[in-house]
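One structure is given here, and the rest of the page talks about it.
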Amino acid sequence: MIIPTYNEAENIRIIVGRLRKAVPNVDVLIADDNSPDGTGRIADELAADDDAVLVLHRTGKEGLGAAYKAGFTWAKDHDYDAVVEMDADGSHAPEQLPLLLDALADADVVLGSRWVRGGQVVNWPIHRYAISLGGNLYVRLALRMPLRDATGGYRAYRMPALDKLEVETVASQGYCFQVDLAWRAYRQGFRVVEVPIRFVERERGASKMSSAIVREALWKVTVWGSQSRFGSKRNAKPGLTAGASMAKDRTGG
Ligand SMILES: Nc1nc2c(ncn2[C@@H]2O[C@H](COP(=O)(O)OP(=O)(O)OP(=O)(O)O)[C@@H](O)[C@H]2O)c(=O)[nH]1
Ligand SMILES: [Mg+2]
């Protein structure tokens, strides 16, 4: 489990504690971007008390995507079979991790989804619904990809599949990082499965969500959609398009 953190001092103990209790056999890597609020120091304290907790200290705030890329590389170098992404702010419930891991038994990538039947969002203001639903609708139409929640950040990858996504070449940050990986997995014909999750608005700490993050996703999805429709090979990877029709649509939504 990789948890990226930036100023999550109020949340990190709680989320790690919940995870360790809910699924004790999963190791946790906290990827902290030198948070000014001391999240990294708290992470070190957690790691000192528990061999299953590890910390990746990064030099400064470089965005969610960069933190995950570093975490994925670390997990690969340490021979993990699978990797899970989860936010630190309590929006994703560690208690639901078994749902993702069970689904991974028969999939390459599992997306925790708010927008399939059984998915839930709790305490969100109306504008966040609009951004998430509108963004996911746009992703579906622009990319002609049948996933309901391509922007979510609670997901699991089998390492061999993650390896083939060539994550080191991903330039996207924020939500766009998640869309980018989902799009790569879909285009390569990997088995991408969505399972319903309960998403709860963060209760403590500040969101890092910004209009720049939304703009980045909108513009990149538009470019990818045009490239895939009109056949531009610019930025395309050899072999990526061939498997698209093989991708499983088991979204249930
Ligand atoms: N390492 C690192 N982690 C980050 C960075 N930006 C965000 N995160 C973490 O990524 C996760 C998601 O960030 P949030 O601020 O919750 O963003 P969000 O979920 O889109 O926004 P909210 O729904 O408002 O919470 C959290 O665990 C953050 O601490 C960053 O630049 N570096
Ligand atoms: Mg959040």
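Identifiers in this document derive from the order of the structure tokens: chains are assigned A, B, ..., residues are numbered from 1 separately in each chain, and ligands are numbered from 1 in order of occurrence.
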Practice item. Give as a VMD selection string the residues surrounding ligand 2 up to a distance of 6 Å, considering only C-alpha atoms and all ligand atoms. Key: chain A and resid 89 91 202
Using the selection just defined, write its residues with N, CA and C atoms as a CSV table (one decimal), in the first residue's frame.
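Below is the file again_16.csv, written as the result:
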```
chain,number,residue,atom,x,y,z
A,89,ASP,N,-6.3,10.9,3.6
A,89,ASP,CA,-7.2,11.8,4.3
A,89,ASP,C,-8.5,11.1,4.8
A,91,SER,N,-10.7,9.5,3.0
A,91,SER,CA,-11.7,9.4,2.0
A,91,SER,C,-11.9,7.9,1.5
A,202,ARG,N,-12.9,14.4,3.1
A,202,ARG,CA,-12.0,14.5,4.2
A,202,ARG,C,-12.5,15.3,5.4
```
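The list of residues with at least one atom within 9 Å of A:Ala67, based on only C-alpha atoms and without residues fewer than 4 positions apart in the same chain, reads Ile3, Pro4, Thr5, Ala31, Asp32, Asp33, Leu56, Arg58, Lys61, Glu62, Gly63, Gly71 and Phe72 of chain A.
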Practice item. Would you please work out which residue, of A:Pro125, A:Ala107, A:Tyr68, A:Ala52, is nearest to A:Val200 when using only C-alpha atoms? Key: A:Pro125
Practice item. Find the residues around A:Ile14 up to 10 Å (only C-alpha atoms counted), leave out those fewer than 5 positions away in its own chain, and share them as a PyMOL selection string. Key: chain A and resi 9+19+88-90
Practice item. Would you mind listing what lies within 12 Å of A:Ser113 as JSON, numbers by chain, with only C-alpha atoms counted and same-chain residues fewer than 5 positions away left out? Key: {"A": [92, 96, 99, 100, 118, 119, 120, 121, 132, 133, 136, 147, 148, 149, 150, 151, 152, 153, 154, 155, 156, 192, 193, 194, 195, 196, 197, 198, 199, 251, 252, 253]}
Written file, previous selection with N, CA and C atoms, as an mmCIF file, in the first residue's frame:
```cif
data_model
loop_
_atom_site.group_PDB
_atom_site.id
_atom_site.type_symbol
_atom_site.label_atom_id
_atom_site.label_comp_id
_atom_site.auth_asym_id
_atom_site.auth_seq_id
_atom_site.Cartn_x
_atom_site.Cartn_y
_atom_site.Cartn_z
ATOM 1 N N HIS A 92 -10.772 7.190 1.535
ATOM 2 C CA HIS A 92 -10.815 5.777 1.159
ATOM 3 C C HIS A 92 -10.719 4.941 2.428
ATOM 4 N N GLN A 96 -12.201 -1.401 3.404
ATOM 5 C CA GLN A 96 -12.710 -1.926 2.128
ATOM 6 C C GLN A 96 -11.600 -2.505 1.258
ATOM 7 N N LEU A 99 -12.019 -5.872 -0.506
ATOM 8 C CA LEU A 99 -12.832 -5.888 -1.736
ATOM 9 C C LEU A 99 -11.939 -5.715 -2.970
ATOM 10 N N LEU A 100 -10.985 -4.795 -2.854
ATOM 11 C CA LEU A 100 -10.078 -4.558 -3.984
ATOM 12 C C LEU A 100 -9.158 -5.754 -4.198
ATOM 13 N N GLY A 118 -23.724 0.543 -6.167
ATOM 14 C CA GLY A 118 -23.206 0.194 -4.841
ATOM 15 C C GLY A 118 -22.152 1.173 -4.344
ATOM 16 N N GLY A 119 -21.600 1.989 -5.246
ATOM 17 C CA GLY A 119 -20.628 3.006 -4.835
ATOM 18 C C GLY A 119 -21.337 4.140 -4.097
ATOM 19 N N GLN A 120 -20.596 4.829 -3.236
ATOM 20 C CA GLN A 120 -21.212 5.867 -2.402
ATOM 21 C C GLN A 120 -20.257 7.041 -2.240
ATOM 22 N N VAL A 121 -20.819 8.234 -2.129
ATOM 23 C CA VAL A 121 -20.021 9.402 -1.760
ATOM 24 C C VAL A 121 -20.722 10.073 -0.588
ATOM 25 N N SER A 132 -16.516 15.621 -10.424
ATOM 26 C CA SER A 132 -16.183 14.204 -10.562
ATOM 27 C C SER A 132 -17.060 13.511 -11.615
ATOM 28 N N LEU A 133 -18.375 13.740 -11.537
ATOM 29 C CA LEU A 133 -19.270 13.092 -12.504
ATOM 30 C C LEU A 133 -19.047 13.648 -13.902
ATOM 31 N N ASN A 136 -15.644 12.433 -15.236
ATOM 32 C CA ASN A 136 -15.669 11.028 -15.650
ATOM 33 C C ASN A 136 -16.507 10.812 -16.906
ATOM 34 N N LEU A 147 -14.940 2.903 -18.434
ATOM 35 C CA LEU A 147 -14.796 2.939 -16.975
ATOM 36 C C LEU A 147 -15.612 4.082 -16.392
ATOM 37 N N ARG A 148 -16.217 3.827 -15.226
ATOM 38 C CA ARG A 148 -17.091 4.833 -14.598
ATOM 39 C C ARG A 148 -16.323 5.801 -13.710
ATOM 40 N N ASP A 149 -15.221 5.333 -13.136
ATOM 41 C CA ASP A 149 -14.476 6.206 -12.203
ATOM 42 C C ASP A 149 -12.976 6.096 -12.491
ATOM 43 N N ALA A 150 -12.583 6.821 -13.546
ATOM 44 C CA ALA A 150 -11.177 6.761 -13.970
ATOM 45 C C ALA A 150 -10.322 7.768 -13.214
ATOM 46 N N THR A 151 -10.949 8.613 -12.405
ATOM 47 C CA THR A 151 -10.191 9.658 -11.700
ATOM 48 C C THR A 151 -9.904 9.285 -10.246
ATOM 49 N N GLY A 152 -10.515 8.202 -9.777
ATOM 50 C CA GLY A 152 -10.388 7.834 -8.372
ATOM 51 C C GLY A 152 -8.973 7.420 -7.998
ATOM 52 N N GLY A 153 -8.677 7.524 -6.717
ATOM 53 C CA GLY A 153 -7.326 7.242 -6.256
ATOM 54 C C GLY A 153 -7.224 6.074 -5.297
ATOM 55 N N TYR A 154 -8.217 5.179 -5.328
ATOM 56 C CA TYR A 154 -8.140 3.975 -4.495
ATOM 57 C C TYR A 154 -8.151 2.806 -5.455
ATOM 58 N N ARG A 155 -6.982 2.224 -5.703
ATOM 59 C CA ARG A 155 -6.912 1.199 -6.735
ATOM 60 C C ARG A 155 -5.739 0.251 -6.489
ATOM 61 N N ALA A 156 -5.810 -0.896 -7.137
ATOM 62 C CA ALA A 156 -4.770 -1.915 -6.955
ATOM 63 C C ALA A 156 -4.273 -2.397 -8.311
ATOM 64 N N VAL A 192 -9.277 -4.667 -16.450
ATOM 65 C CA VAL A 192 -9.518 -3.553 -15.522
ATOM 66 C C VAL A 192 -10.922 -3.722 -14.947
ATOM 67 N N VAL A 193 -11.011 -3.870 -13.639
ATOM 68 C CA VAL A 193 -12.299 -4.155 -12.998
ATOM 69 C C VAL A 193 -12.602 -3.051 -11.981
ATOM 70 N N GLU A 194 -13.845 -2.590 -11.938
ATOM 71 C CA GLU A 194 -14.235 -1.588 -10.943
ATOM 72 C C GLU A 194 -15.042 -2.240 -9.829
ATOM 73 N N VAL A 195 -14.706 -1.927 -8.608
ATOM 74 C CA VAL A 195 -15.504 -2.414 -7.477
ATOM 75 C C VAL A 195 -16.059 -1.200 -6.719
ATOM 76 N N PRO A 196 -17.292 -1.294 -6.254
ATOM 77 C CA PRO A 196 -17.889 -0.136 -5.572
ATOM 78 C C PRO A 196 -17.205 0.153 -4.241
ATOM 79 N N ILE A 197 -16.948 1.438 -3.982
ATOM 80 C CA ILE A 197 -16.385 1.846 -2.688
ATOM 81 C C ILE A 197 -17.240 2.958 -2.088
ATOM 82 N N ARG A 198 -17.014 3.163 -0.803
ATOM 83 C CA ARG A 198 -17.658 4.271 -0.086
ATOM 84 C C ARG A 198 -16.602 5.349 0.091
ATOM 85 N N PHE A 199 -16.830 6.504 -0.500
ATOM 86 C CA PHE A 199 -15.866 7.607 -0.457
ATOM 87 C C PHE A 199 -16.408 8.666 0.494
ATOM 88 N N THR A 251 -17.574 -3.204 -15.650
ATOM 89 C CA THR A 251 -17.744 -2.087 -14.730
ATOM 90 C C THR A 251 -19.038 -2.192 -13.940
ATOM 91 N N GLY A 252 -19.997 -2.918 -14.449
ATOM 92 C CA GLY A 252 -21.245 -3.093 -13.704
ATOM 93 C C GLY A 252 -22.070 -1.829 -13.598
ATOM 94 N N GLY A 253 -21.663 -0.763 -14.238
ATOM 95 C CA GLY A 253 -22.359 0.493 -14.012
ATOM 96 C C GLY A 253 -23.279 0.919 -15.094
#
```
